[in-house]
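What follows is entry.txt (compact mmCIF, C-alpha atoms).
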```
# COMPACT_ATOMS: atom_id res chain seq x y z
CA PRO A 1 61.94 -274.82 62.89
CA ALA A 2 62.39 -271.09 62.26
CA LEU A 3 65.31 -271.54 59.86
CA ARG A 4 63.38 -273.99 57.66
CA ARG A 5 60.22 -271.88 57.68
CA LEU A 6 62.22 -268.76 56.78
CA ALA A 7 64.09 -270.50 53.95
CA GLN A 8 60.82 -271.82 52.50
CA HIS A 9 59.25 -268.39 52.85
CA LEU A 10 62.15 -266.65 51.03
CA LEU A 11 62.69 -269.16 48.22
CA ALA A 12 59.06 -270.18 47.56
CA ARG A 13 58.42 -267.57 44.87
CA TYR A 14 62.01 -266.38 44.32
CA GLN A 15 63.19 -265.96 40.72
CA LYS A 16 66.98 -266.10 40.55
CA GLY A 17 67.11 -265.41 36.83
CA THR A 18 66.35 -261.68 37.09
CA ARG A 19 68.03 -258.82 38.90
CA PRO A 20 66.44 -258.51 42.40
CA VAL A 21 64.83 -255.03 42.15
CA ARG A 22 61.17 -254.05 42.18
CA ASP A 23 61.79 -251.06 39.89
CA TRP A 24 63.97 -251.86 36.88
CA ARG A 25 65.37 -248.31 37.01
CA THR A 26 66.95 -249.06 40.39
CA THR A 27 70.69 -249.71 40.22
CA THR A 28 72.09 -252.64 42.17
CA ASP A 29 75.09 -251.39 44.12
CA VAL A 30 77.64 -254.14 44.75
CA ALA A 31 80.36 -253.38 47.31
CA ILE A 32 83.46 -255.52 47.00
CA ASP A 33 86.51 -256.08 49.15
CA LEU A 34 89.80 -257.90 48.71
CA MET A 35 92.50 -259.22 51.03
CA VAL A 36 95.64 -260.88 49.72
CA TYR A 37 96.37 -264.14 51.50
CA ALA A 38 99.45 -265.42 49.65
CA ILE A 39 101.58 -264.95 46.53
CA LEU A 40 101.79 -268.46 45.09
CA SER A 41 103.97 -267.99 42.01
CA VAL A 42 105.28 -265.42 39.56
CA ASP A 43 105.88 -266.81 36.07
CA GLU A 44 108.12 -264.27 34.32
CA LYS A 45 108.29 -266.20 31.06
CA ASN A 46 104.51 -266.44 30.59
CA GLN A 47 103.79 -263.16 32.42
CA VAL A 48 101.34 -264.81 34.84
CA LEU A 49 100.81 -264.01 38.51
CA THR A 50 99.13 -266.56 40.78
CA THR A 51 97.69 -265.21 44.03
CA TYR A 52 95.34 -266.48 46.69
CA ILE A 53 92.84 -263.85 47.84
CA TRP A 54 89.89 -263.55 50.18
CA TYR A 55 87.12 -261.93 48.16
CA ARG A 56 83.90 -260.43 49.56
CA GLN A 57 80.76 -259.10 47.89
CA HIS A 58 77.89 -257.19 49.41
CA TRP A 59 74.61 -256.15 47.75
CA THR A 60 70.94 -255.68 48.58
CA ASP A 61 68.30 -258.13 47.37
CA GLU A 62 64.83 -256.56 47.61
CA PHE A 63 63.12 -259.97 47.51
CA LEU A 64 65.02 -261.41 50.48
CA LYS A 65 63.51 -259.29 53.29
CA TRP A 66 61.43 -260.44 56.27
CA ASP A 67 60.16 -259.41 59.65
CA PRO A 68 62.26 -261.06 62.39
CA ALA A 69 59.24 -261.05 64.75
CA HIS A 70 57.50 -263.64 62.56
CA PHE A 71 60.46 -266.01 62.58
CA ASP A 72 61.58 -266.23 66.21
CA ASN A 73 63.60 -262.97 65.96
CA LEU A 74 65.85 -264.52 63.33
CA THR A 75 67.87 -261.69 61.68
CA GLN A 76 70.33 -263.67 59.53
CA ILE A 77 70.23 -266.85 57.50
CA SER A 78 72.55 -268.74 55.16
CA LEU A 79 71.12 -269.74 51.81
CA PRO A 80 72.55 -271.82 48.95
CA VAL A 81 74.35 -269.66 46.48
CA GLU A 82 72.75 -271.59 43.60
CA SER A 83 69.27 -270.60 44.78
CA ILE A 84 69.57 -266.81 44.63
CA TRP A 85 70.72 -264.16 42.18
CA VAL A 86 74.46 -263.46 42.24
CA PRO A 87 76.11 -260.63 40.26
CA ASP A 88 78.26 -261.71 37.31
CA ILE A 89 81.41 -259.99 38.52
CA LEU A 90 84.60 -261.38 37.01
CA ILE A 91 88.26 -260.44 36.89
CA ASN A 92 89.35 -259.15 33.50
CA GLU A 93 92.91 -260.46 33.87
CA PHE A 94 91.85 -264.09 34.35
CA VAL A 95 93.94 -266.48 32.23
CA ASP A 96 93.11 -269.81 33.90
CA VAL A 97 90.71 -271.24 36.43
CA GLY A 98 92.53 -271.77 39.69
CA LYS A 99 91.95 -274.48 42.26
CA SER A 100 89.60 -272.47 44.44
CA PRO A 101 87.47 -274.12 47.13
CA HIS A 102 83.74 -273.98 46.58
CA VAL A 103 81.72 -272.10 49.21
CA PRO A 104 78.06 -273.15 48.73
CA TYR A 105 76.36 -270.57 50.97
CA VAL A 106 75.83 -266.84 51.34
CA TYR A 107 74.63 -264.83 54.34
CA VAL A 108 71.36 -262.89 54.08
CA SER A 109 70.12 -260.39 56.70
CA HIS A 110 66.50 -259.41 57.29
CA HIS A 111 67.09 -256.07 55.48
CA GLY A 112 67.91 -257.97 52.30
CA GLU A 113 71.67 -257.47 52.54
CA VAL A 114 73.57 -260.36 50.98
CA GLN A 115 77.19 -261.16 51.83
CA ASN A 116 79.12 -263.50 49.60
CA LEU A 117 82.52 -264.40 51.05
CA LYS A 118 84.81 -266.82 49.24
CA PRO A 119 88.52 -267.55 48.76
CA ILE A 120 89.81 -267.51 45.19
CA GLN A 121 93.02 -268.71 43.61
CA VAL A 122 93.61 -266.10 40.92
CA MET A 123 95.80 -266.74 37.88
CA THR A 124 96.00 -263.40 36.10
CA ALA A 125 98.02 -261.86 33.30
CA CYS A 126 100.46 -259.24 34.54
CA SER A 127 103.10 -257.15 32.82
CA LEU A 128 106.15 -258.21 34.82
CA ASP A 129 109.24 -256.01 34.66
CA ILE A 130 112.32 -258.07 35.57
CA TYR A 131 114.98 -255.55 34.57
CA ASN A 132 115.78 -254.83 38.22
CA PHE A 133 115.97 -258.51 39.22
CA PRO A 134 116.54 -259.51 42.04
CA PHE A 135 115.55 -256.12 43.48
CA ASP A 136 112.38 -255.84 41.39
CA VAL A 137 108.98 -254.57 42.47
CA GLN A 138 105.92 -255.79 40.57
CA ASN A 139 102.61 -254.01 40.22
CA CYS A 140 99.79 -256.29 39.06
CA SER A 141 96.17 -255.24 38.71
CA LEU A 142 92.97 -257.15 39.45
CA THR A 143 90.02 -255.53 37.65
CA PHE A 144 86.57 -256.52 38.91
CA THR A 145 83.67 -255.71 36.60
CA SER A 146 80.30 -257.04 35.50
CA TRP A 147 80.73 -258.88 32.25
CA LEU A 148 77.18 -258.17 31.00
CA HIS A 149 75.45 -255.45 33.02
CA HIS A 150 76.35 -251.83 32.40
CA ILE A 151 76.69 -249.21 35.08
CA ARG A 152 72.96 -248.34 35.12
CA ASP A 153 72.18 -251.91 36.22
CA ILE A 154 75.15 -252.82 38.40
CA ASN A 155 77.45 -250.28 40.00
CA LEU A 156 80.54 -251.14 41.98
CA SER A 157 81.90 -249.59 45.13
CA LEU A 158 84.50 -250.33 47.78
CA TRP A 159 83.37 -252.08 50.92
CA ARG A 160 86.02 -250.54 53.20
CA GLN A 161 87.98 -247.31 53.09
CA PRO A 162 90.91 -247.24 50.61
CA GLU A 163 93.37 -246.59 53.44
CA LEU A 164 92.22 -249.72 55.25
CA VAL A 165 92.56 -251.80 52.11
CA LYS A 166 95.97 -250.38 51.22
CA PHE A 167 97.93 -251.50 54.27
CA ASP A 168 95.87 -254.52 55.30
CA ARG A 169 98.34 -257.40 55.72
CA SER A 170 96.53 -259.13 58.54
CA VAL A 171 95.97 -262.39 56.64
CA PHE A 172 99.00 -262.30 54.33
CA MET A 173 101.41 -265.24 54.59
CA ASN A 174 104.70 -263.36 54.79
CA GLN A 175 107.17 -266.26 54.53
CA GLY A 176 107.67 -266.71 50.80
CA GLU A 177 109.86 -265.16 48.16
CA TRP A 178 107.57 -262.17 47.73
CA GLU A 179 106.39 -259.66 50.29
CA LEU A 180 103.26 -257.55 49.99
CA LEU A 181 103.89 -253.82 50.07
CA TYR A 182 100.36 -252.46 49.67
CA VAL A 183 97.11 -252.80 47.72
CA LEU A 184 95.78 -249.75 45.92
CA SER A 185 92.15 -249.42 44.86
CA ARG A 186 90.52 -247.22 42.22
CA PHE A 187 87.07 -246.96 40.68
CA GLN A 188 86.60 -246.07 37.03
CA GLU A 189 84.09 -246.30 34.19
CA PHE A 190 84.93 -248.21 31.07
CA SER A 191 83.30 -248.08 27.64
CA VAL A 192 84.09 -249.53 24.21
CA LYS A 193 83.34 -247.57 21.01
CA SER A 194 80.73 -245.22 22.50
CA SER A 195 78.71 -248.09 23.98
CA ASP A 196 77.24 -248.21 27.45
CA SER A 197 79.66 -247.66 30.30
CA TYR A 198 80.68 -250.41 32.69
CA ALA A 199 81.77 -249.97 36.27
CA GLU A 200 85.24 -251.25 37.14
CA MET A 201 87.00 -251.58 40.46
CA LYS A 202 90.76 -251.97 40.12
CA PHE A 203 93.00 -253.36 42.83
CA TYR A 204 96.76 -252.87 42.30
CA VAL A 205 98.71 -255.52 44.18
CA VAL A 206 102.27 -254.22 44.69
CA ILE A 207 104.78 -256.90 45.70
CA ARG A 208 108.55 -256.93 46.16
CA ARG A 209 110.99 -259.80 45.81
CA ARG A 210 113.24 -260.75 48.70
CA PRO A 211 116.77 -260.60 47.20
CA LEU A 212 118.79 -262.38 49.89
CA PHE A 213 118.79 -265.81 48.22
CA TYR A 214 119.80 -264.42 44.83
CA THR A 215 122.43 -262.16 46.36
CA VAL A 216 124.11 -265.10 48.08
CA SER A 217 123.81 -267.58 45.21
CA LEU A 218 124.36 -265.26 42.22
CA LEU A 219 126.11 -262.02 43.07
CA LEU A 220 128.61 -263.11 45.73
CA PRO A 221 130.23 -265.95 43.69
CA SER A 222 130.59 -263.62 40.73
CA ILE A 223 132.16 -260.93 42.94
CA PHE A 224 134.58 -263.47 44.43
CA LEU A 225 135.71 -264.61 40.98
CA MET A 226 136.26 -261.02 39.86
CA VAL A 227 138.29 -260.31 43.01
CA MET A 228 140.45 -263.34 42.30
CA ASP A 229 140.97 -262.08 38.75
CA ILE A 230 142.22 -258.76 40.13
CA VAL A 231 144.50 -260.54 42.60
CA GLY A 232 145.92 -262.55 39.70
CA PHE A 233 147.62 -259.41 38.38
CA TYR A 234 150.14 -259.66 41.22
CA LEU A 235 151.65 -262.79 39.68
CA PRO A 236 154.90 -262.05 37.79
CA PRO A 237 154.07 -261.25 34.16
CA HIS A 238 157.14 -263.02 32.75
CA SER A 239 156.02 -266.35 34.21
CA GLY A 240 153.42 -268.54 32.58
CA GLU A 241 151.44 -269.04 35.79
CA ARG A 242 149.31 -265.95 35.27
CA VAL A 243 147.99 -267.16 31.92
CA SER A 244 146.98 -270.57 33.27
CA PHE A 245 145.44 -268.95 36.36
CA LYS A 246 143.26 -266.59 34.34
CA ILE A 247 142.23 -269.35 31.93
CA THR A 248 141.11 -271.39 34.94
CA LEU A 249 139.09 -268.42 36.22
CA LEU A 250 137.46 -267.97 32.82
CA LEU A 251 136.48 -271.63 32.67
CA GLY A 252 135.17 -271.48 36.23
CA TYR A 253 133.05 -268.45 35.42
CA SER A 254 131.65 -270.20 32.33
CA VAL A 255 130.61 -273.18 34.47
CA PHE A 256 129.07 -270.78 36.99
CA LEU A 257 126.95 -269.14 34.27
CA ILE A 258 125.76 -272.53 33.05
CA ILE A 259 124.68 -273.45 36.59
CA VAL A 260 122.81 -270.18 37.28
CA SER A 261 121.17 -269.93 33.86
CA ASP A 262 118.08 -271.77 35.16
CA THR A 263 117.79 -269.43 38.13
CA LEU A 264 117.60 -266.25 36.07
CA PRO A 265 114.11 -265.25 34.90
CA ALA A 266 113.61 -265.61 31.16
CA THR A 267 111.33 -263.37 29.13
CA ALA A 268 110.98 -262.64 25.45
CA VAL A 269 110.70 -258.90 26.09
CA GLY A 270 113.97 -257.97 27.77
CA THR A 271 116.99 -259.12 29.73
CA PRO A 272 117.44 -258.43 33.44
CA LEU A 273 120.28 -256.19 34.49
CA ILE A 274 121.97 -259.04 36.34
CA GLY A 275 122.27 -260.92 33.03
CA ILE A 276 124.01 -257.92 31.51
CA TYR A 277 126.22 -257.83 34.61
CA PHE A 278 127.29 -261.44 34.08
CA VAL A 279 128.02 -260.82 30.40
CA VAL A 280 130.14 -257.76 31.20
CA CYS A 281 132.02 -259.71 33.90
CA MET A 282 132.75 -262.42 31.34
CA ALA A 283 133.96 -259.75 28.91
CA LEU A 284 136.22 -258.27 31.62
CA LEU A 285 137.72 -261.70 32.26
CA VAL A 286 138.40 -262.11 28.55
CA ILE A 287 140.00 -258.65 28.42
CA SER A 288 142.14 -259.53 31.44
CA LEU A 289 143.29 -262.75 29.78
CA THR A 290 144.06 -260.90 26.56
CA GLU A 291 146.09 -258.31 28.45
CA THR A 292 148.02 -261.07 30.24
CA ILE A 293 148.83 -262.83 26.96
CA LEU A 294 150.02 -259.53 25.49
CA ILE A 295 152.29 -258.78 28.44
CA VAL A 296 153.73 -262.31 28.53
CA ARG A 297 154.43 -262.13 24.82
CA LEU A 298 156.05 -258.72 25.28
CA VAL A 299 158.41 -259.68 28.08
CA HIS A 300 159.28 -263.14 26.81
CA LYS A 301 162.94 -263.41 25.90
CA GLN A 302 163.58 -264.06 22.20
CA ASP A 303 166.84 -264.01 20.31
CA LEU A 304 165.37 -262.17 17.33
CA GLN A 305 163.63 -259.47 19.38
CA PRO A 306 164.49 -255.92 18.19
CA HIS A 307 165.49 -253.04 20.41
CA VAL A 308 162.82 -251.01 22.17
CA PRO A 309 162.06 -247.84 20.18
CA GLU A 310 163.23 -244.63 21.76
CA TRP A 311 159.77 -243.06 21.75
CA LEU A 312 158.39 -246.08 23.61
CA LYS A 313 161.17 -245.85 26.19
CA HIS A 314 160.50 -242.16 26.70
CA LEU A 315 156.75 -242.69 26.93
CA LEU A 316 156.70 -245.67 29.30
CA LEU A 317 159.96 -245.60 31.24
CA GLU A 318 159.86 -241.88 31.96
CA LYS A 319 156.42 -240.34 31.49
CA ALA A 320 154.33 -243.33 32.54
CA THR A 321 156.40 -244.00 35.66
CA ILE A 322 155.80 -240.43 36.82
CA LEU A 323 152.10 -240.66 35.98
CA LEU A 324 151.68 -244.00 37.77
CA CYS A 325 153.76 -242.87 40.77
CA ILE A 326 156.07 -245.86 40.52
CA ARG A 327 158.60 -245.71 43.32
CA ASP A 328 161.53 -247.27 41.42
CA ARG A 329 161.20 -245.17 38.28
CA LYS A 330 164.84 -244.07 38.81
CA LYS A 331 165.77 -247.70 38.42
CA PHE A 332 164.06 -247.78 35.04
CA SER A 333 165.86 -244.63 33.90
CA GLN A 334 169.18 -245.92 35.24
CA SER A 335 168.71 -249.21 33.46
CA ARG A 336 167.93 -247.28 30.32
CA MET A 337 171.19 -245.33 30.67
CA GLN A 338 173.03 -248.57 31.35
CA SER A 339 171.62 -250.04 28.17
CA LEU A 340 172.76 -246.98 26.22
CA ASP A 341 176.24 -247.22 27.79
CA THR A 342 176.34 -250.90 26.95
CA SER A 343 175.50 -250.27 23.31
CA ARG A 344 178.15 -247.54 23.11
CA GLN A 345 180.69 -249.81 24.78
CA MET A 346 179.92 -252.52 22.28
CA GLU A 347 180.54 -250.11 19.45
CA ASN A 348 183.85 -249.15 21.03
CA ASN A 349 184.78 -252.79 21.46
CA ASP A 350 184.05 -253.37 17.81
CA SER A 351 186.30 -250.49 16.87
CA THR A 352 189.09 -251.65 19.19
CA ALA A 353 188.84 -255.18 17.95
CA LYS A 354 190.79 -254.20 14.82
CA PRO A 355 194.61 -254.82 15.07
CA THR A 356 196.68 -251.63 15.57
CA PRO A 357 200.28 -251.25 14.48
CA TYR A 358 202.90 -251.42 17.24
CA VAL A 359 205.04 -248.27 17.62
CA CYS A 360 208.39 -248.72 19.35
CA GLU A 361 210.16 -245.94 21.24
CA ASP A 362 213.69 -247.35 21.50
CA PRO A 363 215.68 -247.99 18.28
CA ARG A 364 217.08 -251.10 19.85
CA GLU A 365 213.56 -252.32 20.52
CA CYS A 366 212.68 -251.50 16.92
CA GLY A 367 215.66 -253.49 15.78
CA ALA A 368 214.74 -256.33 18.10
CA ALA A 369 211.19 -256.11 16.97
CA GLY A 370 212.30 -256.20 13.36
CA GLY A 371 214.36 -259.26 14.09
CA THR A 372 211.47 -260.80 15.94
CA ARG A 373 209.08 -260.06 13.09
CA SER A 374 211.44 -261.64 10.64
CA ALA A 375 211.72 -264.62 12.95
CA LEU A 376 207.96 -264.83 13.29
CA ALA A 377 207.60 -264.48 9.56
CA PHE A 378 209.98 -267.29 9.19
CA ALA A 379 208.17 -269.27 11.90
CA GLY A 380 204.84 -268.51 10.19
CA ARG A 381 206.07 -270.60 7.38
CA THR A 382 206.40 -273.47 9.74
CA GLU A 383 203.76 -276.06 10.46
CA GLY A 384 202.68 -274.51 13.87
CA SER A 385 201.36 -271.27 12.31
CA ALA A 386 198.13 -272.94 11.11
CA ALA A 387 197.17 -274.13 14.64
CA LEU A 388 197.79 -270.65 16.09
CA GLN A 389 195.52 -269.01 13.53
CA GLU A 390 192.81 -271.57 14.29
CA VAL A 391 193.00 -270.72 18.01
CA LEU A 392 192.72 -267.01 17.23
CA ARG A 393 189.65 -267.57 15.08
CA GLU A 394 187.97 -269.63 17.82
CA ALA A 395 188.68 -266.97 20.44
CA THR A 396 187.27 -264.26 18.16
CA ALA A 397 184.08 -266.32 17.58
CA ILE A 398 183.62 -266.89 21.31
CA ARG A 399 184.07 -263.17 21.99
CA GLN A 400 181.49 -262.26 19.33
CA LEU A 401 179.07 -264.85 20.72
CA LEU A 402 179.39 -263.45 24.24
CA GLU A 403 178.87 -259.91 22.97
CA LYS A 404 175.82 -260.98 21.01
CA ARG A 405 174.39 -262.79 24.03
CA GLU A 406 174.93 -259.73 26.19
CA GLU A 407 173.17 -257.64 23.58
CA PHE A 408 170.21 -260.04 23.58
CA ARG A 409 170.09 -259.85 27.37
CA ASP A 410 170.00 -256.07 27.25
CA VAL A 411 167.17 -256.15 24.71
CA ALA A 412 165.21 -258.67 26.80
CA ARG A 413 165.82 -256.56 29.92
CA GLU A 414 164.49 -253.47 28.16
CA TRP A 415 161.33 -255.26 26.99
CA LEU A 416 160.87 -256.67 30.48
CA GLN A 417 160.94 -253.16 31.95
CA VAL A 418 158.49 -251.94 29.30
CA GLY A 419 156.26 -254.93 30.05
CA TYR A 420 156.27 -254.25 33.80
CA VAL A 421 155.29 -250.61 33.34
CA LEU A 422 152.65 -251.48 30.75
CA ASP A 423 151.30 -254.21 33.04
CA ILE A 424 150.91 -251.74 35.91
CA LEU A 425 149.21 -249.25 33.60
CA LEU A 426 146.72 -251.77 32.20
CA PHE A 427 146.07 -253.21 35.66
CA ARG A 428 145.10 -249.82 37.04
CA VAL A 429 142.89 -249.09 34.05
CA TYR A 430 141.23 -252.50 34.47
CA LEU A 431 140.81 -251.96 38.21
CA ALA A 432 139.25 -248.53 37.64
CA ALA A 433 136.81 -250.01 35.09
CA VAL A 434 135.78 -252.81 37.47
CA LEU A 435 135.31 -250.42 40.39
CA ALA A 436 133.30 -247.94 38.32
CA TYR A 437 131.11 -250.75 37.01
CA SER A 438 130.54 -252.19 40.49
CA ILE A 439 129.75 -248.82 42.04
CA THR A 440 127.28 -248.01 39.27
CA LEU A 441 125.41 -251.31 39.64
CA GLY A 442 125.45 -251.10 43.43
CA THR A 443 124.05 -247.58 43.34
CA LEU A 444 121.30 -248.52 40.88
CA TRP A 445 120.25 -251.58 42.85
CA SER A 446 120.26 -249.68 46.16
CA VAL A 447 118.14 -246.91 44.67
CA TRP A 448 115.67 -249.42 43.21
CA ARG A 449 115.49 -251.28 46.50
CA ASP A 450 114.76 -248.15 48.53
CA ALA A 451 112.32 -246.74 45.97
```
Show this structure as structure tokens.
Amino acid sequence: PALRRLAQHLLARYQKGTRPVRDWRTTTDVAIDLMVYAILSVDEKNQVLTTYIWYRQHWTDEFLKWDPAHFDNLTQISLPVESIWVPDILINEFVDVGKSPHVPYVYVSHHGEVQNLKPIQVMTACSLDIYNFPFDVQNCSLTFTSWLHHIRDINLSLWRQPELVKFDRSVFMNQGEWELLYVLSRFQEFSVKSSDSYAEMKFYVVIRRRPLFYTVSLLLPSIFLMVMDIVGFYLPPHSGERVSFKITLLLGYSVFLIIVSDTLPATAVGTPLIGIYFVVCMALLVISLTETILIVRLVHKQDLQPHVPEWLKHLLLEKATILLCIRDRKKFSQSRMQSLDTSRQMENNDSTAKPTPYVCEDPRECGAAGGTRSALAFAGRTEGSAALQEVLREATAIRQLLEKREEFRDVAREWLQVGYVLDILLFRVYLAAVLAYSITLGTLWSVWRDA
């Protein structure tokens, strides 16, 4: 048969150990091509990218030429790859041998053109930047070069045009976590310490992560917890429910971070921005809890609580209410005036509590009063005078107790007003910080995604 006769004719005196040129000064030009089939895995911790590519080589073998007229017009034949010379082109970024299928044949045309087509599972080292996770874009290079032959022996070129290689996604499996943006190609010469130059063909595989899964499973739960923390400020500050509510939120967020810790990429170089986002959210929850504890402690009624300083009243009950646009700031000022009137009234009551001498207008009344006083003085020496004095002392003690309790209520009411105004002030500062932080992160991630 023509195929067998041609194979015996080509391989009878073929020497696969030497470069297939008749003149050793002739450079073997190897054209290569690459098509990305799938992105198998991206290992951020070990900085390894695993891809599956379709790789093609094309070169001219001067000892594999024939006349088709002598072999039944046969212009192309497949030969075993172990029987002919194959260029030693490797990928510099190789870190492990992948599970690539073995293709035992190459195509040879009657002009001596050899085509070596094979799929390769490539495990290469890549500098992965995860700072923008989950909106990150990775750029990994595949450098093809001859490991032994310098550029005068083997030169590299691109099989197709760079524009065709760049946007070729005809065979790419586009259903995984990563999507292929484009493949850039560049030729360069490489030399080490003034030695002979080597030809290199670099392919830059640019891929982008699909962020939908991480947005739903990481960002949205965190946003919901932060919204609930903001809503928790509407609970009354003088009740203990707000403290327990915020402690529950803090514990829930801690459990959430423990669950998602395995999902976040881990590297020894840096921390992704989403990790910093989680840490800052945890810090904001702690600050919110601290603010709640402070307010509850401030407005809690205590018998030994001192009066609110005047400068604090002026600063919070007057200036801060105007600054915060509180609608019932007149109520705060009126309550402040009422507290001042109450304190003055208490002082007046203390002064009027002392017994005042009785002045009579009519002489007969004075005489009657004198007689009465002498009678009372005489009656004071009786046994009933001791019980009357005891009743007077008990009434005086009850009156002092009621006045003291009213004073404590006024003090507690003043601190409650101060606590309400301070709570509104800190809530708005906290809300502004959360909004500014969210807008900044959203802007950065949107810019990185559109870049």
Taking a cut-off of 10 Å and counting all atoms listed in the file, can you build a table that, for each residue of stretch 51-152 of chain A near stretch 183-187 of chain A, reports the nearest atom pair and how far apart they are in Å (one decimal), sorted by chain then residue number, as a tab-separated table?
```
residue	atom	partner	partner_atom	distance
A:Asn139	CA	A:Val183	CA	9.4
A:Cys140	CA	A:Val183	CA	9.7
A:Ser141	CA	A:Leu184	CA	9.1
A:Leu142	CA	A:Ser185	CA	9.5
A:Thr143	CA	A:Arg186	CA	9.5
A:Phe144	CA	A:Phe187	CA	9.7
```
Exercise. Which of these residues is nearest to A:Tyr131, using all atoms listed in the file: A:Ala386, A:Leu273, A:Ile32, A:Leu49?
Worked result: A:Leu273
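Of the residues listed (A:Tyr253, A:Tyr107, A:Tyr214, A:Phe94), A:Tyr107 shows the shortest atom-to-atom separation from A:Leu64; distances use all atoms listed in the file.
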For this session: Rank nothing, just name the residue among A:Thr271, A:Glu200, A:Phe278, A:Ile287 nearest to A:Asn132, using only C-alpha atoms.
Result: A:Thr271
Exercise. Can you find the residues with an atom no farther than 7 Å from (102.6, -253.0, 49.5), counting all atoms listed in the file, and report them as a PyMOL selection string?
Worked result: chain A and resi 167+180-183+206-207
Problem set entry | Pick from A:Tyr420, A:Tyr52, A:Phe190, A:Tyr437, whichever lies nearest to A:Leu235 using only C-alpha atoms |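 Looking at the shortest contact to A:Leu235, the residue is A:Tyr420.
Proximity ranking of A:Val391, A:Leu156, A:Leu3, A:Val216 relative to A:His70 places A:Leu3 first, based on all atoms listed in the file.
Computed from the coordinates, the atom CA of A:Val30 to atom CA of A:Arg4 distance equals 27.6 Å.
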Exercise. In Å to one decimal, how far is atom CA of A:Ala283 from atom CA of A:Gly270?
Worked result: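 Interatomic distance, atom CA of A:Gly270 to atom CA of A:Ala283: 20.1 Å.
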Would you compute an axis-aligned box for stretch 124-132 of chain A, covering every atom listed for it in the file with 8 Å of margin on each side, and report centre and edge lengths in Å to one decimal as JSON?
```
{"center_x": 105.9, "center_y": -259.1, "center_z": 35.5, "size_x": 35.8, "size_y": 24.6, "size_z": 21.4}
```
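Coordinates place atom CA of A:His111 at a distance of 8.2 Å from atom CA of A:Glu62.
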Exercise. Between A:Leu298, A:Val434, A:Ala266, A:Leu425, which one has atoms that come closest to A:Cys281, using only C-alpha atoms?
Worked result: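 Ranked by minimum distance to A:Cys281, first place goes to A:Val434.
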For this session: Determine, counting all atoms listed in the file, which protein, DNA and RNA residues have an atom within 7 Å of an atom of A:Gln47; residues of the same chain fewer than 4 positions away are not included. Present the result as a ChimeraX atom specification.
Result: /A:43,125-128
Complete the atom set of stretch 244-253 of chain A to N, CA, C and O atoms and return it as a CSV table (one decimal), in the coordinates of the input.
```csv
chain,number,residue,atom,x,y,z
A,244,SER,N,147.7,-269.4,32.9
A,244,SER,CA,147.0,-270.6,33.3
A,244,SER,C,146.0,-270.2,34.4
A,244,SER,O,144.9,-270.8,34.4
A,245,PHE,N,146.3,-269.3,35.3
A,245,PHE,CA,145.4,-269.0,36.4
A,245,PHE,C,144.2,-268.2,35.8
A,245,PHE,O,143.1,-268.5,36.2
A,246,LYS,N,144.4,-267.3,34.9
A,246,LYS,CA,143.3,-266.6,34.3
A,246,LYS,C,142.4,-267.5,33.4
A,246,LYS,O,141.2,-267.3,33.3
A,247,ILE,N,143.0,-268.4,32.7
A,247,ILE,CA,142.2,-269.4,31.9
A,247,ILE,C,141.4,-270.2,32.8
A,247,ILE,O,140.2,-270.5,32.5
A,248,THR,N,141.9,-270.6,34.0
A,248,THR,CA,141.1,-271.4,34.9
A,248,THR,C,139.9,-270.6,35.5
A,248,THR,O,138.8,-271.1,35.6
A,249,LEU,N,140.2,-269.3,35.8
A,249,LEU,CA,139.1,-268.4,36.2
A,249,LEU,C,138.0,-268.3,35.2
A,249,LEU,O,136.8,-268.3,35.5
A,250,LEU,N,138.4,-268.1,33.9
A,250,LEU,CA,137.5,-268.0,32.8
A,250,LEU,C,136.6,-269.2,32.7
A,250,LEU,O,135.4,-269.2,32.5
A,251,LEU,N,137.2,-270.4,32.7
A,251,LEU,CA,136.5,-271.6,32.7
A,251,LEU,C,135.5,-271.8,33.9
A,251,LEU,O,134.4,-272.2,33.7
A,252,GLY,N,136.0,-271.4,35.1
A,252,GLY,CA,135.2,-271.5,36.2
A,252,GLY,C,134.0,-270.6,36.1
A,252,GLY,O,132.9,-270.9,36.5
A,253,TYR,N,134.2,-269.4,35.6
A,253,TYR,CA,133.0,-268.4,35.4
A,253,TYR,C,132.1,-269.0,34.4
A,253,TYR,O,130.8,-268.8,34.5
```
